[in-house]
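K.L.:
Structure incoming, see below.
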Amino acid sequence: MSRNAESAKELKEKKKGGLHVILMDFRKNKALHIMLIPGLVLLIIYSYIPLFGLKIAFERFIPSKGIFGDQEFVGMYWFNYLFNMDDFWYALRNTLFLACSKLILTMLVSIIFAILINEVRRSVIKRTIQTIVYVPHFISWVILSGVFIDLLSPSTGIVNKLIVALGGEPIFFLGSNAWFPFTLIVTDIWKEFGFGTIIYLAAITSIDPGLYESAVIDGANKFRQIIHITLPGLMSIIVLMLMLNIGSVLGGNFDQVYNLYSPQVYRSGDILDTLVYRIGLVDYNFSLSTAVGLFKSLVSTVLISLSYFLAWKVADYRVF
């Protein structure tokens, strides 16, 4: 069958609408759908089946009776209790502040660094720099937390020794409510900006070189080329990445916070995920911790749906 005949057939099926369009898209992307099956099975087992346990958020749960045992139904009691907790509002505020700061600043640093690397002409140096900044993305926070605890120690850390050598006073980065949030932000940027750099660098290489040649002929210097060619060329991927990351705003990076924080900085460093951990696995209040997790899940679902809708409308992004 010729290509024109295939296109005519697809157009005819699309005009039928409804089920025909779905079946046509499925046949067209059959290989992609088959590849999704293993991930879908794991998603059902580890994400959807456990949803039945959310019922304990509306009960006075006693573990010895079991999840489906004769538990006392209390309705919205735990949610009312939750919304009157100061710790919950501190955790929600910290989660939003940390996540938004990390998202915006990591994206900004990644874009700037990608533009700078793009100006390096020697490929060996460029690849070496890319590898160096990309490696921390694969290192666990369990390992990195030990490194940062040693580096930022107020008594033996090299950072505070440098501050003292310059005439300053030692700073308790991991024990001060004033410094701890910014320590989390800076260390997370250092770990993750290399990953974003690779994405933006790939987008820069897809920009038509003829645009830069025309700009040079018109007398534009490097700075003007970046402002008028590189940044507009990156705008679609910037918008796409921003939209796709909106859904993870309430994530907060549990691994980083849990491995670096302490009771002294709960007020400024506690996030929703660590609050769930402390209430559920430390204080054994499973009903209240489930209520916190359910609240977070509902808000995250709305944000994820909104982000994909905006990505589709603004950047024309779809899964298939």
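Ordering of the structure tokens sets the chain letters (A, B, ...), residue numbers begin anew at 1 in every chain, and ligands are numbered from 1 in the order given.
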Do you have, as a Markdown table, the list of residues of stretch 176-198 of chain A lying at most 9 Å from stretch 159-172 of chain A, each with its nearest atom pair and that distance in Å to one decimal, counting only C-alpha atoms and ordered by chain then number?
P.N.:
| residue | atom | partner | partner_atom | distance |
| --- | --- | --- | --- | --- |
| A:Ser176 | CA | A:Phe172 | CA | 5.7 |
| A:Trp179 | CA | A:Phe172 | CA | 7.6 |
| A:Phe180 | CA | A:Phe172 | CA | 8.5 |
K.L.:
Produce a table with one row for each residue of stretch 78-121 of chain A that has an atom at most 8 Å from any atom of stretch 266-277 of chain A, each row naming the nearest atom pair and its distance in Å at one decimal; use only C-alpha atoms; arrange rows by chain and rising residue number; format as a Markdown table.
P.N.:
| residue | atom | partner | partner_atom | distance |
| --- | --- | --- | --- | --- |
| A:Asp87 | CA | A:Arg267 | CA | 7.4 |
| A:Phe88 | CA | A:Leu272 | CA | 7.4 |
| A:Tyr90 | CA | A:Arg267 | CA | 6.1 |
| A:Ala91 | CA | A:Ile271 | CA | 4.3 |
| A:Leu92 | CA | A:Leu272 | CA | 6.1 |
| A:Asn94 | CA | A:Ile271 | CA | 5.8 |
| A:Thr95 | CA | A:Ile271 | CA | 4.9 |
K.L.:
So that I have them on file, write out the residues from the current selection with all heavy atoms, as an mmCIF file, in the first residue's frame.
P.N.:
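selection_25.cif, freshly written:
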data_model
loop_
_atom_site.group_PDB
_atom_site.id
_atom_site.type_symbol
_atom_site.label_atom_id
_atom_site.label_comp_id
_atom_site.auth_asym_id
_atom_site.auth_seq_id
_atom_site.Cartn_x
_atom_site.Cartn_y
_atom_site.Cartn_z
ATOM 1 N N ASP A 87 2.532 21.725 63.317
ATOM 2 C CA ASP A 87 3.564 21.002 62.573
ATOM 3 C C ASP A 87 3.154 20.768 61.119
ATOM 4 O O ASP A 87 3.997 20.783 60.224
ATOM 5 C CB ASP A 87 3.853 19.650 63.244
ATOM 6 C CG ASP A 87 4.641 19.804 64.531
ATOM 7 O OD1 ASP A 87 5.136 20.920 64.792
ATOM 8 O OD2 ASP A 87 4.767 18.819 65.280
ATOM 9 N N PHE A 88 1.872 20.533 60.898
ATOM 10 C CA PHE A 88 1.403 20.310 59.520
ATOM 11 C C PHE A 88 1.592 21.560 58.671
ATOM 12 O O PHE A 88 2.069 21.486 57.534
ATOM 13 C CB PHE A 88 -0.069 19.900 59.532
ATOM 14 C CG PHE A 88 -0.692 19.915 58.160
ATOM 15 C CD1 PHE A 88 -0.405 18.922 57.237
ATOM 16 C CD2 PHE A 88 -1.559 20.939 57.792
ATOM 17 C CE1 PHE A 88 -0.975 18.945 55.967
ATOM 18 C CE2 PHE A 88 -2.126 20.965 56.530
ATOM 19 C CZ PHE A 88 -1.835 19.971 55.618
ATOM 20 N N TYR A 90 3.654 24.054 59.207
ATOM 21 C CA TYR A 90 5.092 24.272 59.006
ATOM 22 C C TYR A 90 5.611 23.376 57.886
ATOM 23 O O TYR A 90 6.366 23.814 57.013
ATOM 24 C CB TYR A 90 5.861 23.976 60.300
ATOM 25 C CG TYR A 90 5.700 25.009 61.383
ATOM 26 C CD1 TYR A 90 5.481 24.623 62.717
ATOM 27 C CD2 TYR A 90 5.766 26.367 61.108
ATOM 28 C CE1 TYR A 90 5.326 25.562 63.717
ATOM 29 C CE2 TYR A 90 5.609 27.317 62.108
ATOM 30 C CZ TYR A 90 5.387 26.904 63.411
ATOM 31 O OH TYR A 90 5.227 27.835 64.399
ATOM 32 N N ALA A 91 5.198 22.102 57.911
ATOM 33 C CA ALA A 91 5.666 21.154 56.903
ATOM 34 C C ALA A 91 5.167 21.534 55.513
ATOM 35 O O ALA A 91 5.918 21.433 54.530
ATOM 36 C CB ALA A 91 5.200 19.739 57.257
ATOM 37 N N LEU A 92 3.914 21.963 55.412
ATOM 38 C CA LEU A 92 3.367 22.374 54.115
ATOM 39 C C LEU A 92 4.088 23.603 53.582
ATOM 40 O O LEU A 92 4.451 23.662 52.397
ATOM 41 C CB LEU A 92 1.872 22.651 54.257
ATOM 42 C CG LEU A 92 1.142 23.071 52.979
ATOM 43 C CD1 LEU A 92 1.234 21.989 51.915
ATOM 44 C CD2 LEU A 92 -0.325 23.398 53.286
ATOM 45 N N ASN A 94 7.153 24.604 54.361
ATOM 46 C CA ASN A 94 8.522 24.219 54.010
ATOM 47 C C ASN A 94 8.558 23.442 52.694
ATOM 48 O O ASN A 94 9.464 23.641 51.870
ATOM 49 C CB ASN A 94 9.138 23.369 55.123
ATOM 50 C CG ASN A 94 9.292 24.123 56.424
ATOM 51 O OD1 ASN A 94 9.372 25.349 56.433
ATOM 52 N ND2 ASN A 94 9.309 23.403 57.529
ATOM 53 N N THR A 95 7.582 22.557 52.503
ATOM 54 C CA THR A 95 7.534 21.757 51.279
ATOM 55 C C THR A 95 7.395 22.647 50.057
ATOM 56 O O THR A 95 8.121 22.486 49.059
ATOM 57 C CB THR A 95 6.360 20.760 51.321
ATOM 58 O OG1 THR A 95 6.505 19.901 52.462
ATOM 59 C CG2 THR A 95 6.324 19.906 50.067
#
K.L.:
Please extract the residues of stretch 56-103 of chain A with a backbone DSSP assignment of strand (DSSP E) and present them as a ChimeraX atom specification.
P.N.:
/A:59-60,72-73
K.L.:
Which is closer to A:Gly175 than all the others in A:Ser47, A:Ser262, A:Thr301, A:Thr187, using only C-alpha atoms?
P.N.:
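Closest to A:Gly175, using only C-alpha atoms: A:Ser262.
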K.L.:
Quick check for you: according to DSSP on this backbone, which residues of stretch 14-237 of chain A are classed as alpha helix (DSSP H)? Reply as a ChimeraX atom specification.
P.N.:
/A:14-16,19-28,30-43,77-83,86-118,123-134,141-151,158-165,180-205,209-217,222-225,231-237
K.L.:
Nearest to A:Leu144: which of A:Ile185, A:Leu260, A:Leu54, A:Ala203 is it, counting only C-alpha atoms?
P.N.:
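Of A:Ile185, A:Leu260, A:Leu54, A:Ala203, the one nearest A:Leu144, counting only C-alpha atoms, is A:Leu260.
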K.L.:
How many Å separate atom CA of A:Ile125 from atom CA of A:Ile199?
P.N.:
18.3 Å
K.L.:
Near A:Asn285, counting only C-alpha atoms, which residues have an atom at most 12 Å away, once you skip same-chain residues fewer than 2 positions from it, shown as a list in words?
P.N.:
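Residues near the query, excluding close chain neighbours: Ile56, Ala57, Glu59, Arg60, Phe61, Ile62, Pro63, Trp78, Leu82, Leu275, Val276, Tyr277, Arg278, Ile279, Gly280, Leu281, Val282, Asp283, Ser287, Leu288, Ser289, Thr290, Ala291 and Val292 of chain A.
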